[in-house]
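What follows is the content of start15.csv (CSV, C-alpha atoms).
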chain,number,residue,atom,x,y,z
T,1,MET,CA,-60.3,40.4,22.9
T,2,THR,CA,-63.1,42.7,24.0
T,3,LEU,CA,-63.4,46.3,23.2
T,4,SER,CA,-64.8,48.7,25.7
T,5,ALA,CA,-66.5,52.0,24.8
T,6,PRO,CA,-64.3,55.0,25.3
T,7,ARG,CA,-64.6,56.4,28.8
T,8,ASP,CA,-66.8,59.5,29.0
T,9,THR,CA,-64.6,62.1,30.6
T,10,ARG,CA,-67.2,64.8,30.8
T,11,VAL,CA,-68.1,66.2,34.1
T,12,SER,CA,-71.8,66.3,35.2
T,13,PRO,CA,-73.3,69.6,34.2
T,14,ALA,CA,-74.5,72.0,36.9
T,15,VAL,CA,-77.3,74.6,36.9
T,16,CYS,CA,-76.0,77.9,38.3
T,17,LYS,CA,-77.4,81.2,38.9
T,18,SER,CA,-75.7,83.9,36.8
T,19,LEU,CA,-75.9,87.4,38.0
T,20,GLY,CA,-73.8,88.5,35.1
T,21,LEU,CA,-76.3,87.1,32.6
T,22,HIS,CA,-79.1,88.7,34.5
T,23,ALA,CA,-77.3,92.1,34.4
T,24,LEU,CA,-76.6,91.6,30.7
T,25,LEU,CA,-80.2,91.0,29.8
T,26,ASP,CA,-81.8,93.3,32.4
T,27,ARG,CA,-80.1,96.4,31.0
T,28,VAL,CA,-81.2,95.9,27.5
T,29,ARG,CA,-84.0,98.1,26.1
T,30,ASP,CA,-87.3,96.4,25.4
T,31,ASP,CA,-88.4,98.1,22.2
T,32,ARG,CA,-86.1,96.8,19.6
T,33,SER,CA,-84.4,93.8,18.1
T,34,TYR,CA,-80.8,92.9,18.7
T,35,SER,CA,-77.8,91.6,16.9
T,36,ILE,CA,-76.0,89.0,19.0
T,37,LEU,CA,-72.5,87.5,18.5
T,38,ASP,CA,-72.1,84.2,20.3
T,39,LEU,CA,-68.4,83.2,20.4
T,40,GLY,CA,-69.3,79.8,21.7
T,41,PRO,CA,-70.4,76.7,19.9
T,42,ALA,CA,-73.8,76.3,18.4
T,43,LEU,CA,-76.1,74.9,21.1
T,44,GLU,CA,-79.8,74.0,20.8
T,45,ALA,CA,-80.6,75.5,24.2
T,46,ASN,CA,-79.1,78.9,23.4
T,47,VAL,CA,-80.7,79.1,20.0
T,48,ARG,CA,-84.0,78.3,21.6
T,49,PHE,CA,-83.5,80.9,24.4
T,50,TRP,CA,-82.7,83.7,21.9
T,51,SER,CA,-85.5,82.6,19.6
T,52,GLN,CA,-87.9,84.1,22.2
T,53,PHE,CA,-86.7,87.5,21.3
T,54,SER,CA,-86.5,89.5,18.2
T,55,CYS,CA,-82.8,89.0,17.3
T,56,SER,CA,-80.2,88.0,14.8
T,57,LEU,CA,-77.9,85.5,16.4
T,58,ASN,CA,-74.4,85.1,14.9
T,59,ILE,CA,-72.8,81.9,16.1
T,60,HIS,CA,-69.1,81.6,15.8
T,61,ASP,CA,-67.3,78.9,17.6
T,62,PHE,CA,-64.2,81.1,18.0
T,63,TYR,CA,-62.0,78.8,20.1
T,64,ARG,CA,-62.4,75.9,17.7
T,65,SER,CA,-61.8,78.1,14.6
T,66,PHE,CA,-58.8,79.8,16.4
T,67,ARG,CA,-57.2,76.5,17.2
T,68,GLN,CA,-57.6,75.2,13.7
T,69,GLN,CA,-56.3,78.4,12.2
T,70,LYS,CA,-53.4,78.5,14.6
T,71,ALA,CA,-52.4,74.9,13.7
T,72,ALA,CA,-52.5,75.8,10.0
T,73,VAL,CA,-50.6,79.0,10.1
T,74,VAL,CA,-46.8,79.4,10.6
T,75,PRO,CA,-46.2,81.7,13.5
T,76,GLU,CA,-45.1,85.2,12.4
T,77,GLU,CA,-44.7,88.5,14.2
T,78,ASP,CA,-48.2,89.7,13.3
T,79,SER,CA,-49.8,86.2,13.3
T,80,GLU,CA,-52.4,87.2,15.9
T,81,GLU,CA,-53.5,90.2,13.9
T,82,THR,CA,-53.7,88.1,10.7
T,83,THR,CA,-55.5,85.2,12.4
T,84,PHE,CA,-58.0,87.3,14.2
T,85,SER,CA,-58.7,89.5,11.2
T,86,ALA,CA,-59.5,86.4,9.2
T,87,LEU,CA,-61.6,84.8,11.9
T,88,LEU,CA,-63.7,87.9,12.7
T,89,ASP,CA,-64.9,88.7,9.2
T,90,PHE,CA,-68.5,89.6,9.2
T,91,SER,CA,-70.7,91.5,6.8
T,92,ASP,CA,-69.5,95.1,6.6
T,93,GLU,CA,-72.9,96.4,7.8
T,94,GLU,CA,-72.9,94.1,10.9
T,95,VAL,CA,-72.9,95.8,14.3
T,96,PHE,CA,-73.4,93.7,17.3
T,97,ASP,CA,-75.4,94.8,20.4
T,98,ILE,CA,-74.4,91.8,22.6
T,99,ILE,CA,-71.3,89.7,22.4
T,100,LEU,CA,-71.1,86.5,24.4
T,101,ALA,CA,-67.5,85.6,25.0
T,102,TRP,CA,-68.3,83.1,27.7
T,103,ASP,CA,-65.0,81.8,29.2
T,104,LEU,CA,-63.0,82.3,26.0
T,105,PHE,CA,-60.6,84.8,27.6
T,106,ASN,CA,-59.3,82.0,29.9
T,107,TYR,CA,-57.9,80.3,26.8
T,108,LEU,CA,-56.1,83.2,25.3
T,109,ASP,CA,-52.8,84.9,26.4
T,110,LEU,CA,-52.7,88.6,26.9
T,111,ARG,CA,-51.5,89.2,23.3
T,112,GLU,CA,-54.2,87.1,21.8
T,113,LEU,CA,-56.8,88.7,24.1
T,114,GLU,CA,-55.7,92.2,23.0
T,115,ALA,CA,-55.9,91.2,19.3
T,116,LEU,CA,-59.4,89.7,19.9
T,117,VAL,CA,-60.7,92.8,21.6
T,118,ARG,CA,-59.2,95.0,18.9
T,119,GLY,CA,-60.9,92.8,16.2
T,120,LEU,CA,-64.2,92.7,18.0
T,121,SER,CA,-64.2,96.5,18.4
T,122,TRP,CA,-64.7,97.0,14.7
T,123,TRP,CA,-68.1,95.3,15.0
T,124,CYS,CA,-69.3,97.3,18.0
T,125,ARG,CA,-71.0,100.6,18.6
T,126,ARG,CA,-71.5,102.7,21.8
T,127,GLY,CA,-73.5,100.6,24.1
T,128,THR,CA,-72.5,97.1,22.8
T,129,ARG,CA,-72.3,94.7,25.8
T,130,LEU,CA,-69.8,92.0,26.1
T,131,PHE,CA,-70.3,89.1,28.6
T,132,ALA,CA,-67.2,87.3,29.7
T,133,LEU,CA,-66.4,84.8,32.5
T,134,ILE,CA,-62.9,85.0,33.8
T,135,SER,CA,-61.6,82.3,36.1
T,136,SER,CA,-59.4,83.0,39.2
T,137,LEU,CA,-58.9,79.3,39.9
T,138,PRO,CA,-55.4,77.8,39.4
T,139,LYS,CA,-56.6,75.2,36.9
T,140,ILE,CA,-59.3,75.2,34.3
T,141,SER,CA,-60.8,72.7,32.0
T,142,ALA,CA,-58.5,71.8,29.1
T,143,SER,CA,-61.1,73.2,26.7
T,144,PRO,CA,-63.7,75.9,27.2
T,145,MET,CA,-66.8,75.1,29.2
T,146,VAL,CA,-70.2,74.8,27.5
T,147,PHE,CA,-72.8,77.2,28.7
T,148,ARG,CA,-76.5,76.6,28.1
T,149,ILE,CA,-78.8,79.4,28.9
T,150,LEU,CA,-81.9,78.2,30.8
T,151,ASN,CA,-83.5,81.6,31.4
T,152,CYS,CA,-82.5,85.1,32.1
T,153,GLU,CA,-80.6,84.3,35.3
T,154,GLN,CA,-79.7,80.6,35.1
T,155,MET,CA,-77.2,78.7,33.0
T,156,ILE,CA,-76.0,75.1,32.8
T,157,TYR,CA,-72.2,75.0,33.1
T,158,GLU,CA,-70.9,71.9,31.4
T,159,ILE,CA,-67.2,71.0,31.7
T,160,PRO,CA,-66.4,69.1,28.6
T,161,THR,CA,-63.5,67.1,30.0
T,162,GLN,CA,-61.8,66.2,33.2
T,163,ALA,CA,-58.5,67.1,31.8
T,164,THR,CA,-57.2,70.4,33.1
T,165,ARG,CA,-54.7,73.1,32.2
T,166,PRO,CA,-53.2,76.0,34.1
T,167,CYS,CA,-55.4,79.1,34.2
T,168,PRO,CA,-53.8,82.3,33.0
T,169,CYS,CA,-55.7,84.1,35.9
T,170,HIS,CA,-55.8,87.4,34.0
T,171,LEU,CA,-55.6,90.2,36.5
T,172,PRO,CA,-58.4,92.8,36.6
T,173,ARG,CA,-55.9,95.6,35.8
T,174,ASP,CA,-54.6,93.7,32.7
T,175,ILE,CA,-58.2,93.1,31.6
T,176,ALA,CA,-59.1,96.7,32.1
T,177,ARG,CA,-56.0,97.8,30.1
T,178,LEU,CA,-56.6,95.4,27.2
T,179,MET,CA,-60.3,95.9,26.8
T,180,GLY,CA,-59.8,99.2,25.2
T,181,ARG,CA,-63.2,100.9,24.8
T,182,PHE,CA,-64.9,98.1,26.6
T,183,LYS,CA,-65.4,99.4,30.2
T,184,VAL,CA,-66.6,97.2,33.1
T,185,SER,CA,-70.2,97.8,33.7
T,186,ARG,CA,-71.0,95.1,36.2
T,187,SER,CA,-68.8,92.4,37.7
T,188,PHE,CA,-69.8,89.5,40.0
T,189,LEU,CA,-67.6,86.9,41.7
T,190,SER,CA,-69.4,83.5,41.6
T,191,ARG,CA,-69.0,80.8,44.2
T,192,HIS,CA,-67.1,78.8,41.6
T,193,GLY,CA,-64.2,81.2,41.4
T,194,ILE,CA,-65.4,82.7,38.2
T,195,GLN,CA,-65.7,86.4,37.8
T,196,GLU,CA,-68.6,87.4,35.6
T,197,TYR,CA,-68.1,90.6,33.7
T,198,VAL,CA,-70.5,92.7,31.7
T,199,PHE,CA,-68.5,95.2,29.6
T,200,VAL,CA,-69.9,98.1,27.8
T,201,PHE,CA,-68.4,99.6,24.7
T,202,GLU,CA,-68.0,103.3,25.1
E,1,MET,CA,-85.5,93.7,29.2
E,2,ILE,CA,-85.6,92.5,25.7
E,3,TRP,CA,-88.9,92.7,23.8
E,4,LYS,CA,-90.3,89.2,23.5
E,5,LYS,CA,-92.1,88.3,20.3
E,6,SER,CA,-94.6,86.0,22.0
E,7,ASP,CA,-95.9,87.6,25.1
E,8,GLY,CA,-94.7,91.2,25.6
E,9,ASP,CA,-92.9,91.9,28.9
E,10,ASN,CA,-92.8,88.5,30.6
E,11,PHE,CA,-89.4,87.0,31.3
E,12,PRO,CA,-89.0,83.5,30.2
E,13,THR,CA,-90.1,81.1,32.9
E,14,GLN,CA,-87.3,79.8,35.2
E,15,THR,CA,-88.4,76.2,34.7
E,16,PRO,CA,-85.6,74.5,32.8
E,17,MET,CA,-86.6,73.8,29.3
E,18,GLN,CA,-87.8,70.3,28.5
E,19,PRO,CA,-85.9,68.3,25.9
E,20,PRO,CA,-87.7,68.1,22.6
E,21,PRO,CA,-89.7,64.9,22.0
E,22,GLN,CA,-87.8,62.2,20.4
E,23,PRO,CA,-88.8,61.3,16.9
E,24,SER,CA,-90.0,57.8,16.2
E,25,VAL,CA,-87.4,57.3,13.5
E,26,PRO,CA,-83.6,57.6,13.9
E,27,ARG,CA,-82.6,61.2,13.3
E,28,SER,CA,-79.7,60.3,11.1
E,29,GLN,CA,-82.1,59.2,8.3
E,30,PRO,CA,-85.0,61.0,6.8
E,31,PRO,CA,-88.5,59.6,7.6
E,32,PRO,CA,-89.4,56.8,5.2
E,33,GLY,CA,-92.5,56.4,3.0
E,34,LYS,CA,-93.0,60.1,2.2
E,35,ASP,CA,-93.5,61.0,-1.5
E,36,ARG,CA,-90.8,63.3,-2.6
E,37,ALA,CA,-88.2,63.7,-5.3
E,38,LEU,CA,-84.8,62.2,-4.6
E,39,ILE,CA,-81.4,63.2,-5.8
E,40,GLY,CA,-79.4,60.1,-5.2
E,41,PRO,CA,-75.9,59.9,-3.8
E,42,SER,CA,-74.3,59.5,-7.2
E,43,ILE,CA,-76.0,62.5,-8.7
E,44,GLU,CA,-74.3,65.8,-9.1
E,45,ILE,CA,-76.1,68.9,-10.2
E,46,LYS,CA,-74.8,72.3,-11.1
E,47,GLY,CA,-77.3,75.0,-11.6
E,48,SER,CA,-80.7,76.0,-10.4
E,49,LEU,CA,-83.2,73.5,-8.9
E,50,SER,CA,-86.9,74.4,-8.7
E,51,GLY,CA,-90.1,72.5,-8.6
E,52,SER,CA,-93.4,71.8,-6.9
E,53,GLU,CA,-92.8,68.7,-4.7
E,54,ASP,CA,-90.8,67.9,-1.7
E,55,LEU,CA,-87.1,67.1,-2.2
E,56,LEU,CA,-84.6,64.8,-0.6
E,57,VAL,CA,-81.0,65.4,-1.6
E,58,GLU,CA,-78.4,62.7,-1.0
E,59,GLY,CA,-76.1,63.8,-3.8
E,60,ARG,CA,-74.3,67.0,-4.6
E,61,VAL,CA,-75.9,70.3,-5.7
E,62,GLU,CA,-74.0,73.4,-6.6
E,63,GLY,CA,-76.0,76.5,-7.5
E,64,LYS,CA,-79.4,77.2,-6.1
E,65,ILE,CA,-82.4,75.3,-4.7
E,66,GLU,CA,-85.8,77.0,-4.9
E,67,LEU,CA,-88.8,75.1,-3.6
E,68,ALA,CA,-90.5,77.9,-1.7
E,69,GLN,CA,-93.7,75.9,-1.0
E,70,HIS,CA,-92.2,72.6,-0.3
E,71,SER,CA,-89.9,70.8,2.1
E,72,VAL,CA,-86.3,70.3,1.4
E,73,THR,CA,-84.2,67.6,3.2
E,74,ILE,CA,-80.5,67.4,2.9
E,75,GLY,CA,-79.7,63.8,3.7
E,76,THR,CA,-76.6,62.7,5.5
E,77,ASN,CA,-74.8,62.1,2.2
E,78,GLY,CA,-75.9,65.4,0.8
E,79,HIS,CA,-73.3,68.0,-0.1
E,80,ILE,CA,-74.8,71.4,-1.0
E,81,LYS,CA,-73.0,74.5,-2.2
E,82,ALA,CA,-76.0,76.7,-2.8
E,83,ASP,CA,-78.6,78.9,-1.2
E,84,ILE,CA,-81.7,76.9,-0.3
E,85,GLN,CA,-85.2,78.2,-0.3
E,86,GLY,CA,-88.1,76.1,1.0
E,87,ARG,CA,-91.0,75.8,3.5
E,88,ASN,CA,-89.4,73.3,5.9
E,89,ILE,CA,-85.8,72.7,5.5
E,90,ILE,CA,-84.0,69.8,7.4
E,91,VAL,CA,-80.3,69.4,7.1
E,92,MET,CA,-78.4,66.3,8.0
E,93,GLY,CA,-75.6,66.6,5.6
E,94,GLU,CA,-73.3,69.5,4.5
E,95,VAL,CA,-74.5,72.9,3.3
E,96,GLU,CA,-72.4,75.9,2.3
E,97,GLY,CA,-74.8,78.6,1.6
E,98,ASN,CA,-77.7,80.6,3.0
E,99,ILE,CA,-80.9,78.8,4.0
E,100,PHE,CA,-84.3,80.5,3.9
E,101,GLY,CA,-87.3,78.7,5.4
E,102,SER,CA,-90.7,80.1,5.3
E,103,GLU,CA,-91.8,77.9,8.2
E,104,GLN,CA,-88.7,76.4,9.9
E,105,ILE,CA,-85.2,75.2,9.5
E,106,VAL,CA,-83.9,72.2,11.4
E,107,LEU,CA,-80.2,71.4,11.7
E,108,ARG,CA,-79.7,67.8,12.8
E,109,GLN,CA,-76.8,66.6,14.9
E,110,SER,CA,-74.9,65.3,11.9
E,111,SER,CA,-75.2,68.5,9.9
E,112,THR,CA,-72.3,70.8,8.9
E,113,VAL,CA,-73.6,74.2,7.8
E,114,GLN,CA,-71.8,77.4,7.0
E,115,GLY,CA,-74.1,80.2,6.1
E,116,ASN,CA,-77.0,82.2,7.3
E,117,LEU,CA,-80.3,80.8,8.4
E,118,VAL,CA,-83.5,82.9,8.0
E,119,ALA,CA,-86.8,81.4,9.3
E,120,PRO,CA,-89.5,82.1,11.9
E,121,ARG,CA,-88.4,78.9,13.7
E,122,VAL,CA,-84.9,77.5,13.8
E,123,SER,CA,-84.0,74.4,15.6
E,124,LEU,CA,-80.4,73.3,16.0
E,125,GLU,CA,-79.4,70.1,17.6
E,126,ASP,CA,-76.4,69.9,19.8
E,127,GLY,CA,-73.5,68.5,17.9
E,128,ALA,CA,-74.5,70.3,14.7
E,129,ASN,CA,-71.4,72.0,13.2
E,130,PHE,CA,-72.8,75.5,12.4
E,131,LYS,CA,-71.0,78.7,11.6
E,132,GLY,CA,-73.1,81.7,10.6
E,133,SER,CA,-76.0,83.7,11.7
E,134,VAL,CA,-79.5,82.8,12.7
E,135,ASP,CA,-82.0,85.6,11.8
E,136,MET,CA,-85.0,85.4,14.2
E,137,THR,CA,-86.1,89.0,13.8
E,138,SER,CA,-89.9,89.3,13.7
E,139,LYS,CA,-90.2,92.4,11.5
E,140,PRO,CA,-87.8,92.0,8.6
E,141,ALA,CA,-88.6,95.3,7.0
E,142,VAL,CA,-87.6,97.2,10.2
E,143,GLU,CA,-84.7,95.0,11.1
E,144,ALA,CA,-83.3,95.2,7.6
E,145,LYS,CA,-82.3,98.8,8.4
E,146,PRO,CA,-78.6,98.4,9.3
E,147,LEU,CA,-77.3,99.5,12.7
E,148,LEU,CA,-75.1,102.5,12.4
E,149,ARG,CA,-71.7,102.3,13.7
E,150,ASP,CA,-70.3,104.6,16.4
E,151,ASN,CA,-66.8,103.3,16.3
E,152,THR,CA,-63.4,104.8,15.7
E,153,ALA,CA,-61.8,101.4,16.0
E,154,MET,CA,-59.6,100.5,13.1
E,155,LYS,CA,-60.8,97.7,11.0
E,156,PRO,CA,-58.1,95.1,10.4
E,157,PRO,CA,-56.2,95.7,7.2
E,158,SER,CA,-57.6,92.7,5.4
E,159,GLN,CA,-61.1,93.9,5.9
E,160,GLN,CA,-60.6,97.6,5.5
E,161,LEU,CA,-62.9,99.3,3.1
E,162,PRO,CA,-63.4,103.0,2.4
E,163,ARG,CA,-66.3,103.9,4.6
E,164,GLN,CA,-67.4,106.6,6.9
E,165,ASP,CA,-68.0,106.2,10.6
E,166,LYS,CA,-71.5,106.9,11.6
E,167,THR,CA,-73.5,107.3,14.7
E,168,GLY,CA,-77.0,106.3,15.4
E,169,ASP,CA,-79.3,103.6,16.5
E,170,LYS,CA,-81.1,100.7,15.0
E,171,ALA,CA,-84.6,101.1,16.4
Translate this file's structure into structure tokens.
Amino acid sequence: MTLSAPRDTRVSPAVCKSLGLHALLDRVRDDRSYSILDLGPALEANVRFWSQFSCSLNIHDFYRSFRQQKAAVVPEEDSEETTFSALLDFSDEEVFDIILAWDLFNYLDLRELEALVRGLSWWCRRGTRLFALISSLPKISASPMVFRILNCEQMIYEIPTQATRPCPCHLPRDIARLMGRFKVSRSFLSRHGIQEYVFVFE
Amino acid sequence: MIWKKSDGDNFPTQTPMQPPPQPSVPRSQPPPGKDRALIGPSIEIKGSLSGSEDLLVEGRVEGKIELAQHSVTIGTNGHIKADIQGRNIIVMGEVEGNIFGSEQIVLRQSSTVQGNLVAPRVSLEDGANFKGSVDMTSKPAVEAKPLLRDNTAMKPPSQQLPRQDKTGDKA
């Protein structure tokens, strides 16, 4: 009997221009350092990109932690609150200037999204920017995409698996309602059916 | 635009970054033939470790590791529950604690780290399981000043502490 290596189901990564990323970075002041919360996985390219700047980068693979926590906790009425409260536990002095949510919103239902935004709000101040990519396609990758920042306006989009799942296709009005004090600052629809949002905490 | 530590107002070049050069030895194992102290896989230490030579840890350490002028390598079998202070720190195993490197910190693909990294240069390989913060601020004395919160959002009950909402700026 012969054994074959497991089939690599990853899709080839693509370099894409991101107007949202450009808007996120272009509107940041140039005379200070920043505290950044990256809700995606730890990636060499992103750490290297941010290392060019004076910043503190907090890396928190939220989706992974959320899935693990969700699997371990018995569902209760307030489970989202409890789960998100436990996951978003930073130093009490922490205040983020930039939050990178990437495509995380596509993997949360509206209740979860609302709980996430409420949890994040505690760690924000007026002017905090949140970058999110919301898909309008009927199907999305079964797990969040991987985004590697190349420069201030280009990213590599890497789809981790060919498996797909239905996209919740959050409507702009639902997003606006659930985002609380985060208001849409800039929004761009990319060719790939992904709406790039830059929110600002007000 | 963000202030760049290296060259003032220039944006980073749009040329995609080149992958780092591949080392001549497999990354899963520390380079051989270098003189350094070794804590073997069967050794377990609880307490404070300090000294004046490089260190390779393949065992378990719980407490504190302080080798400010020397390199500390946590091998693939190493399990550390401690803050680590060193010049160059390379992690291939597991660390639960804060890591302070006066030159650089490298998290290899096989590493699992939960804690905060503080160093002028931090390198993190894809696949490294990292949760925590990377402090790459260039002026610690200034950056140490906490940002002030302008936020009336309610902190989740589990985190709620008596404190006053403040307004202000970090700069």
*Could you jot down the atom CA of E:Glu53 to atom CA of E:Pro41 separation for me, Å, one decimal place?*
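Distance between the two atoms: 19.1 Å.
We find atom CA of E:Phe130 and atom CA of T:Asp109 to be spaced 26.2 Å apart.
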*Would you mind reading off the distance between atom CA of T:Leu57 and atom CA of T:Leu43, one decimal, in Å?*
11.7 Å
*Excluding same-chain residues fewer than 4 positions from stretch 84-91 of chain E, what lies within 10 Å of it counting all atoms listed in the file, as JSON, numbers by chain?*
{"E": [28, 30, 49, 50, 54, 55, 56, 57, 63, 64, 65, 66, 67, 68, 69, 70, 71, 72, 73, 74, 75, 76, 78, 80, 95, 96, 97, 98, 99, 100, 101, 102, 103, 104, 105, 106, 107, 108, 109, 110, 111, 112, 113, 117, 118, 119, 121, 122, 123, 124, 128]}
*T:Asn58: which residues within 7 Å, counting only C-alpha atoms, same-chain residues fewer than 2 positions away excluded, as a VMD selection string?*
(chain T and resid 36 to 38 56 60) or (chain E and resid 132 to 134)
For the residues in the current selection, export C-alpha atoms as an mmCIF file, in the frame of the given file.
data_model
loop_
_atom_site.group_PDB
_atom_site.id
_atom_site.type_symbol
_atom_site.label_atom_id
_atom_site.label_comp_id
_atom_site.auth_asym_id
_atom_site.auth_seq_id
_atom_site.Cartn_x
_atom_site.Cartn_y
_atom_site.Cartn_z
ATOM 1 C CA ILE T 36 -76.000 89.000 19.000
ATOM 2 C CA LEU T 37 -72.500 87.500 18.500
ATOM 3 C CA ASP T 38 -72.100 84.200 20.300
ATOM 4 C CA SER T 56 -80.200 88.000 14.800
ATOM 5 C CA HIS T 60 -69.100 81.600 15.800
ATOM 6 C CA GLY E 132 -73.100 81.700 10.600
ATOM 7 C CA SER E 133 -76.000 83.700 11.700
ATOM 8 C CA VAL E 134 -79.500 82.800 12.700
#
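Around T:Glu112, within 10 Å and counting only C-alpha atoms, the residues found are T:Ser79, T:Glu80, T:Glu81, T:Thr83, T:Phe84, T:Phe105, T:Arg118, once anything fewer than 6 positions away on its own chain is removed.
Excluding T:Ala142 itself and same-chain residues fewer than 6 positions from it, the residues having an atom within 6 Å of it are Ala163, Thr164 and Arg165 of chain T, counting all atoms listed in the file.
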What are the closest atom pairs, with distances in Å to one decimal, for each residue of chain T lying within 9 Å of chain E, using all atoms listed in the file, rows by chain and rising residue number, as CSV?
residue,atom,partner,partner_atom,distance
T:Leu25,CA,E:Met1,CA,6.0
T:Asp26,CA,E:Met1,CA,4.9
T:Arg27,CA,E:Met1,CA,6.3
T:Val28,CA,E:Met1,CA,5.1
T:Arg29,CA,E:Met1,CA,5.6
T:Asp30,CA,E:Ile2,CA,4.3
T:Asp31,CA,E:Trp3,CA,5.7
T:Arg32,CA,E:Ala171,CA,5.6
T:Ser33,CA,E:Thr137,CA,6.7
T:Tyr34,CA,E:Thr137,CA,8.2
T:Ser35,CA,E:Asp135,CA,8.9
T:Leu37,CA,E:Ser133,CA,8.5
T:Pro41,CA,E:Phe130,CA,8.0
T:Ala42,CA,E:Phe130,CA,6.1
T:Leu43,CA,E:Asp126,CA,5.2
T:Glu44,CA,E:Leu124,CA,4.9
T:Ala45,CA,E:Met17,CA,8.1
T:Val47,CA,E:Leu124,CA,7.1
T:Arg48,CA,E:Ser123,CA,7.2
T:Phe49,CA,E:Pro12,CA,8.4
T:Trp50,CA,E:Met136,CA,8.2
T:Ser51,CA,E:Met136,CA,6.1
T:Gln52,CA,E:Lys4,CA,5.8
T:Phe53,CA,E:Lys4,CA,4.5
T:Ser54,CA,E:Thr137,CA,4.4
T:Cys55,CA,E:Thr137,CA,4.8
T:Ser56,CA,E:Asp135,CA,4.2
T:Leu57,CA,E:Val134,CA,4.9
T:Asn58,CA,E:Ser133,CA,3.8
T:Ile59,CA,E:Gly132,CA,5.5
T:His60,CA,E:Lys131,CA,5.4
T:Asp61,CA,E:Lys131,CA,7.1
T:Glu81,CA,E:Pro156,CA,7.6
T:Thr82,CA,E:Ser158,CA,8.0
T:Phe84,CA,E:Pro156,CA,8.7
T:Ser85,CA,E:Pro156,CA,5.7
T:Ala86,CA,E:Ser158,CA,7.6
T:Asp89,CA,E:Gln159,CA,7.2
T:Asp92,CA,E:Gln159,CA,8.5
T:Glu93,CA,E:Pro146,CA,6.2
T:Glu94,CA,E:Leu147,CA,7.2
T:Val95,CA,E:Leu147,CA,6.0
T:Phe96,CA,E:Leu147,CA,8.4
T:Arg118,CA,E:Ala153,CA,7.5
T:Gly119,CA,E:Pro156,CA,6.8
T:Ser121,CA,E:Ala153,CA,6.0
T:Trp122,CA,E:Lys155,CA,5.4
T:Trp123,CA,E:Arg149,CA,8.0
T:Cys124,CA,E:Asn151,CA,6.7
T:Arg125,CA,E:Asp150,CA,4.6
T:Arg126,CA,E:Asp150,CA,5.8
T:Leu150,CA,E:Pro16,CA,5.6
T:Asn151,CA,E:Gln14,CA,5.7
T:Cys152,CA,E:Pro12,CA,7.0
T:Glu153,CA,E:Gln14,CA,8.1
T:Gln154,CA,E:Gln14,CA,7.6
T:Arg181,CA,E:Ala153,CA,8.9
T:Glu202,CA,E:Asn151,CA,8.9
Only C-alpha atoms, please: the residues just picked out, written as a tab-separated table (two decimals), in the frame of the given file.
chain	number	residue	atom	x	y	z
T	25	LEU	CA	-80.20	91.00	29.80
T	26	ASP	CA	-81.80	93.30	32.40
T	27	ARG	CA	-80.10	96.40	31.00
T	28	VAL	CA	-81.20	95.90	27.50
T	29	ARG	CA	-84.00	98.10	26.10
T	30	ASP	CA	-87.30	96.40	25.40
T	31	ASP	CA	-88.40	98.10	22.20
T	32	ARG	CA	-86.10	96.80	19.60
T	33	SER	CA	-84.40	93.80	18.10
T	34	TYR	CA	-80.80	92.90	18.70
T	35	SER	CA	-77.80	91.60	16.90
T	37	LEU	CA	-72.50	87.50	18.50
T	41	PRO	CA	-70.40	76.70	19.90
T	42	ALA	CA	-73.80	76.30	18.40
T	43	LEU	CA	-76.10	74.90	21.10
T	44	GLU	CA	-79.80	74.00	20.80
T	45	ALA	CA	-80.60	75.50	24.20
T	47	VAL	CA	-80.70	79.10	20.00
T	48	ARG	CA	-84.00	78.30	21.60
T	49	PHE	CA	-83.50	80.90	24.40
T	50	TRP	CA	-82.70	83.70	21.90
T	51	SER	CA	-85.50	82.60	19.60
T	52	GLN	CA	-87.90	84.10	22.20
T	53	PHE	CA	-86.70	87.50	21.30
T	54	SER	CA	-86.50	89.50	18.20
T	55	CYS	CA	-82.80	89.00	17.30
T	56	SER	CA	-80.20	88.00	14.80
T	57	LEU	CA	-77.90	85.50	16.40
T	58	ASN	CA	-74.40	85.10	14.90
T	59	ILE	CA	-72.80	81.90	16.10
T	60	HIS	CA	-69.10	81.60	15.80
T	61	ASP	CA	-67.30	78.90	17.60
T	81	GLU	CA	-53.50	90.20	13.90
T	82	THR	CA	-53.70	88.10	10.70
T	84	PHE	CA	-58.00	87.30	14.20
T	85	SER	CA	-58.70	89.50	11.20
T	86	ALA	CA	-59.50	86.40	9.20
T	89	ASP	CA	-64.90	88.70	9.20
T	92	ASP	CA	-69.50	95.10	6.60
T	93	GLU	CA	-72.90	96.40	7.80
T	94	GLU	CA	-72.90	94.10	10.90
T	95	VAL	CA	-72.90	95.80	14.30
T	96	PHE	CA	-73.40	93.70	17.30
T	118	ARG	CA	-59.20	95.00	18.90
T	119	GLY	CA	-60.90	92.80	16.20
T	121	SER	CA	-64.20	96.50	18.40
T	122	TRP	CA	-64.70	97.00	14.70
T	123	TRP	CA	-68.10	95.30	15.00
T	124	CYS	CA	-69.30	97.30	18.00
T	125	ARG	CA	-71.00	100.60	18.60
T	126	ARG	CA	-71.50	102.70	21.80
T	150	LEU	CA	-81.90	78.20	30.80
T	151	ASN	CA	-83.50	81.60	31.40
T	152	CYS	CA	-82.50	85.10	32.10
T	153	GLU	CA	-80.60	84.30	35.30
T	154	GLN	CA	-79.70	80.60	35.10
T	181	ARG	CA	-63.20	100.90	24.80
T	202	GLU	CA	-68.00	103.30	25.10
_Which residue of T:Cys16, T:Leu87, T:Thr128, T:Val198 approaches T:Leu116 most closely, using all atoms listed in the file_ = T:Leu87
